[in-house]
Amino acid sequence: MEQQKLSKDLAGNLAFFQARFVKAMDLILRRVELGGRAAALLAVDGLVNKEVITLSVLEPLLRERSYPSEPEKQLAFIERRVLSAADLKHEARMDALLQLLMSGFAVLLLDGVDDALAFGVQGFAYRGPQEPQNEVMQRGAKDGFTESNQLNMAMIRRRMKNTSLKFEMLQVGAQSHTPLVLCYIEGVASEKILRQVRQKLEDCSLQTVLGAGYLTGFLERGRVFSGVGLTERPDVVCGKIEEGRVALLVEGTPSVLVLPFLFVENFQTLDDYLTRPFYGTFIRWLKMAAFFLSSFLPGLYVAIVTHHPELLPESLLLTVAGAQAKTPFPVMFETLTLFFLYEVLREAGLRAPRSLSATVSIVGGLVLGDTAVAAGLVSAPSLLVVALTAIAGYAVPRLYEPLALLRLGFLLVGNFLGMWGVMIGLVFLLLDLCGAESFGVPLLSPVSPFRGRLVLRDVFFRAGWRRLSRWDAKVQDMPGSQDR
């Protein structure tokens with residue numbers, strides 16, 4: 001479909017923009033006369049810096065007295081001799097000019113010319129870099145992404161002074177007006193992955209993207225574990241794109257998408273590489289143990305108590321049996337109720353005002369927990385299992401959503417099928433993991449298919465930098481690098 005373009009009639013062009021911004025009080029329209037020719041300056045209030053417009057645009061335009069008589073020459077004269085704006089571009093398409101206006105550009109229209117000058121005078125307010133609250137690092141940098149793509153790109157560029165680092169402007173589908181930025185290192189990122197990302201974004205039907213999570217469903221197939229990473233840390237993004245990954249920055253959100261994202265990366269943080277190798281390895285093993293504990297402990301507890309009590313030591317069996325004899329509900333209903341209460345308390349603590357978060361924690365931990373056990377409504381072993389499961393889940397916060405599903409699933413199969421049900425559930429989970437891919441890269445890579453050198457250096461173990469620095473493996477062994 002052919003796009004509408006500017007005409008040489010200034011009045012008709014202004015009528016188009018005024019019709020698009022009808023009942024919108026934030027459109028700024030300043031009519032001026034330049035060398036005896038009518039002109040107009042358009043901008044959107046709140047997105048531009050009025051002081052910059054006054055000093056760098058209006059004042060030079062009105063001060064100049066020697067404008068050429070021909071319209072085309074006059075526009076070229078303004079561009080080369082009058083305006084002092086650093087970011088200046090020509091544009092004749094109406095839709096593109098509307099996009100520029102709503103991105104903080106000012107547009108100059110001249111009567112008798114079917115072209116326009118747009119110059120960047122952005123001046124909207126934005127939040128400065130702050131430490132991300134969802135990705136706390138002990139030794140890493142303390143700055144995080146903001147809602148401005150310009151500032152986010154600057155934070156990446158400041159860390160990576162590499163001319164091969166590319167920032168490619170994209171758009172979601174044909175209807176969306178939310179700007180996206182594709183960030184990668186040319187020659188390192190797989191061209192196949194780049195083509196897939198561009199194609200998936202082009203096929204996306206969203207009209208507005210208010211958060212990076214909007215795009216996740218269009219970039220993956222909806223498996224239990226996501227193949228799309230999400231981070232608010234510039235240093236993490238820099239590390240990923242050096243490995244050949246692709247980062248996707250969304251205007252208006254501090255979260256950046258990382259593609260592809262492997263399952264083992266849920267257990268890795270930047271702090272692992274800033275500590276001594278033996279401690280980094282210990283922390284990784286601790287997180288893996290916490291993942292299995294959070295996934296399987298409720299199901300195993302219900303399965304053993306309900307179907308296989310003989311597996312428990314005699315003293316522990318007597319303790320659990322005595323506690324269960326004092327409660328009116330079966331262990332399955334009891335555990336499900338505690339999980340439901342835990343999720344309610346978590347959501348309440350997350351959404352409540354900060355002044356009330358401590359109150360929610362006190363009420364949940366003391367009143368509901370201790371009182372329920374003292375009243376004989378739930379047993380102490382069940383409460384302990386749920387508490388251990390919840391705390392273990394916090395050790396791998398990126399996996400909280402799939403863990404919530406896995407807990408419930410293993411709890412149900414453990415109640416109805418016992419230990420055999422838990423084992424069957426584990427088999428299906430492994431099948432799902434082994435069959436999942438993220439942009440052609442196996443999600444369980446490099447464990448499956450097995451890449452011994454990478455697994456021993458940077459998955460189950462964290463080798464020292466003396467060994468890692470002699471090895472380009474983060475890029476060369478990156479699954480999918482053969483497609484470059």
# chains A, B, ... in the order shown; residues from 1 in each chain; ligands from 1

call {"tool": "residues_around", "arguments": {"residues": "A:Ser56", "least_positions_apart": "5", "cutoff": "10 Å", "atoms": "only C-alpha atoms", "output": "PyMOL selection string"}}
result
chain A and resi 50-51+61+82-86+121

call {"tool": "write_last_selection", "arguments": {"atoms": "N, CA, C and O atoms", "output": "CSV table (one decimal), in the first residue's frame"}}
result
chain,number,residue,atom,x,y,z
A,50,LYS,N,11.6,22.6,24.9
A,50,LYS,CA,11.2,23.9,24.4
A,50,LYS,C,12.4,24.9,24.3
A,50,LYS,O,12.5,25.7,23.4
A,51,GLU,N,13.3,24.8,25.3
A,51,GLU,CA,14.4,25.7,25.3
A,51,GLU,C,15.3,25.4,24.1
A,51,GLU,O,15.8,26.4,23.5
A,61,LEU,N,16.2,30.7,12.8
A,61,LEU,CA,15.3,30.8,11.6
A,61,LEU,C,14.8,32.3,11.5
A,61,LEU,O,14.7,32.8,10.4
A,82,VAL,N,21.4,27.5,8.4
A,82,VAL,CA,20.7,28.2,9.5
A,82,VAL,C,20.6,27.3,10.7
A,82,VAL,O,21.0,27.7,11.8
A,83,LEU,N,20.0,26.1,10.6
A,83,LEU,CA,19.8,25.3,11.8
A,83,LEU,C,21.1,24.7,12.3
A,83,LEU,O,22.0,24.3,11.6
A,84,SER,N,21.1,24.7,13.7
A,84,SER,CA,22.3,24.1,14.3
A,84,SER,C,22.0,22.8,15.1
A,84,SER,O,22.7,22.4,15.9
A,85,ALA,N,20.8,22.2,14.7
A,85,ALA,CA,20.5,20.9,15.4
A,85,ALA,C,21.4,19.8,14.9
A,85,ALA,O,21.8,19.7,13.7
A,86,ALA,N,21.8,19.0,15.8
A,86,ALA,CA,22.8,17.9,15.5
A,86,ALA,C,22.1,16.7,14.8
A,86,ALA,O,22.7,16.2,13.8
A,121,VAL,N,14.9,17.0,19.1
A,121,VAL,CA,15.0,18.0,20.2
A,121,VAL,C,14.3,17.3,21.4
A,121,VAL,O,13.6,18.0,22.2

call {"tool": "residues_around", "arguments": {"residues": "stretch 28-32 of chain A", "least_positions_apart": "5", "cutoff": "12 Å", "atoms": "only C-alpha atoms", "output": "number ranges by chain"}}
result
A: 10-11, 14-15, 17-18, 21, 37-50, 53-54, 57-59, 61-63, 101-102, 104-111

call {"tool": "residues_around", "arguments": {"residues": "A:Met160", "least_positions_apart": "4", "cutoff": "8 Å", "atoms": "only C-alpha atoms", "output": "PyMOL selection string"}}
result
chain A and resi 156+165+238

call {"tool": "select_by_dssp", "arguments": {"residues": "stretch 325-458 of chain A", "states": "strand (DSSP E or B)", "output": "list in words"}}
result
Glu437, Ser438, Val441 and Pro442 of chain A

call {"tool": "select_by_dssp", "arguments": {"residues": "stretch 175-209 of chain A", "states": "helix (DSSP H, G or I)", "output": "PDB file with N, CA, C and O atoms, in the first residue's frame"}}
result
ATOM      1  N   GLU A 191      23.665 -15.239  11.767  1.00  0.00           N
ATOM      2  CA  GLU A 191      22.765 -14.608  10.797  1.00  0.00           C
ATOM      3  C   GLU A 191      21.428 -15.340  10.737  1.00  0.00           C
ATOM      4  O   GLU A 191      20.387 -14.729  10.494  1.00  0.00           O
ATOM      5  N   LYS A 192      21.450 -16.636  10.946  1.00  0.00           N
ATOM      6  CA  LYS A 192      20.211 -17.409  10.951  1.00  0.00           C
ATOM      7  C   LYS A 192      19.298 -16.966  12.085  1.00  0.00           C
ATOM      8  O   LYS A 192      18.082 -16.793  11.901  1.00  0.00           O
ATOM      9  N   ILE A 193      19.870 -16.759  13.277  1.00  0.00           N
ATOM     10  CA  ILE A 193      19.079 -16.303  14.416  1.00  0.00           C
ATOM     11  C   ILE A 193      18.545 -14.898  14.166  1.00  0.00           C
ATOM     12  O   ILE A 193      17.394 -14.585  14.473  1.00  0.00           O
ATOM     13  N   LEU A 194      19.369 -14.023  13.593  1.00  0.00           N
ATOM     14  CA  LEU A 194      18.931 -12.663  13.293  1.00  0.00           C
ATOM     15  C   LEU A 194      17.755 -12.663  12.322  1.00  0.00           C
ATOM     16  O   LEU A 194      16.790 -11.914  12.492  1.00  0.00           O
ATOM     17  N   ARG A 195      17.824 -13.512  11.308  1.00  0.00           N
ATOM     18  CA  ARG A 195      16.705 -13.593  10.347  1.00  0.00           C
ATOM     19  C   ARG A 195      15.443 -14.090  11.027  1.00  0.00           C
ATOM     20  O   ARG A 195      14.339 -13.581  10.766  1.00  0.00           O
ATOM     21  N   GLN A 196      15.577 -15.069  11.900  1.00  0.00           N
ATOM     22  CA  GLN A 196      14.399 -15.599  12.596  1.00  0.00           C
ATOM     23  C   GLN A 196      13.768 -14.548  13.499  1.00  0.00           C
ATOM     24  O   GLN A 196      12.539 -14.428  13.555  1.00  0.00           O
ATOM     25  N   VAL A 197      14.601 -13.782  14.217  1.00  0.00           N
ATOM     26  CA  VAL A 197      14.074 -12.747  15.100  1.00  0.00           C
ATOM     27  C   VAL A 197      13.334 -11.685  14.292  1.00  0.00           C
ATOM     28  O   VAL A 197      12.222 -11.282  14.641  1.00  0.00           O
ATOM     29  N   ARG A 198      13.938 -11.232  13.208  1.00  0.00           N
ATOM     30  CA  ARG A 198      13.279 -10.220  12.373  1.00  0.00           C
ATOM     31  C   ARG A 198      11.956 -10.734  11.824  1.00  0.00           C
ATOM     32  O   ARG A 198      10.952 -10.001  11.794  1.00  0.00           O
ATOM     33  N   GLN A 199      11.935 -11.987  11.387  1.00  0.00           N
ATOM     34  CA  GLN A 199      10.714 -12.547  10.810  1.00  0.00           C
ATOM     35  C   GLN A 199       9.615 -12.683  11.853  1.00  0.00           C
ATOM     36  O   GLN A 199       8.442 -12.361  11.590  1.00  0.00           O
ATOM     37  N   LYS A 200       9.960 -13.157  13.047  1.00  0.00           N
ATOM     38  CA  LYS A 200       8.953 -13.309  14.097  1.00  0.00           C
ATOM     39  C   LYS A 200       8.379 -11.953  14.510  1.00  0.00           C
ATOM     40  O   LYS A 200       7.182 -11.829  14.776  1.00  0.00           O
ATOM     41  N   LEU A 201       9.210 -10.935  14.579  1.00  0.00           N
ATOM     42  CA  LEU A 201       8.723  -9.604  14.927  1.00  0.00           C
ATOM     43  C   LEU A 201       7.860  -9.027  13.814  1.00  0.00           C
ATOM     44  O   LEU A 201       6.872  -8.336  14.065  1.00  0.00           O
ATOM     45  N   GLU A 202       8.218  -9.328  12.574  1.00  0.00           N
ATOM     46  CA  GLU A 202       7.424  -8.843  11.451  1.00  0.00           C
ATOM     47  C   GLU A 202       6.049  -9.486  11.420  1.00  0.00           C
ATOM     48  O   GLU A 202       5.061  -8.863  11.022  1.00  0.00           O
ATOM     49  N   ASP A 203       5.969 -10.750  11.843  1.00  0.00           N
ATOM     50  CA  ASP A 203       4.692 -11.469  11.855  1.00  0.00           C
ATOM     51  C   ASP A 203       3.849 -11.155  13.084  1.00  0.00           C
ATOM     52  O   ASP A 203       2.703 -11.605  13.180  1.00  0.00           O
TER      53      ASP A 203
END

call {"tool": "closest_residue", "arguments": {"among": "A:Arg233, A:Arg20, A:Lys142, A:Arg398", "to": "A:Leu97", "atoms": "only C-alpha atoms"}}
result
A:Arg20
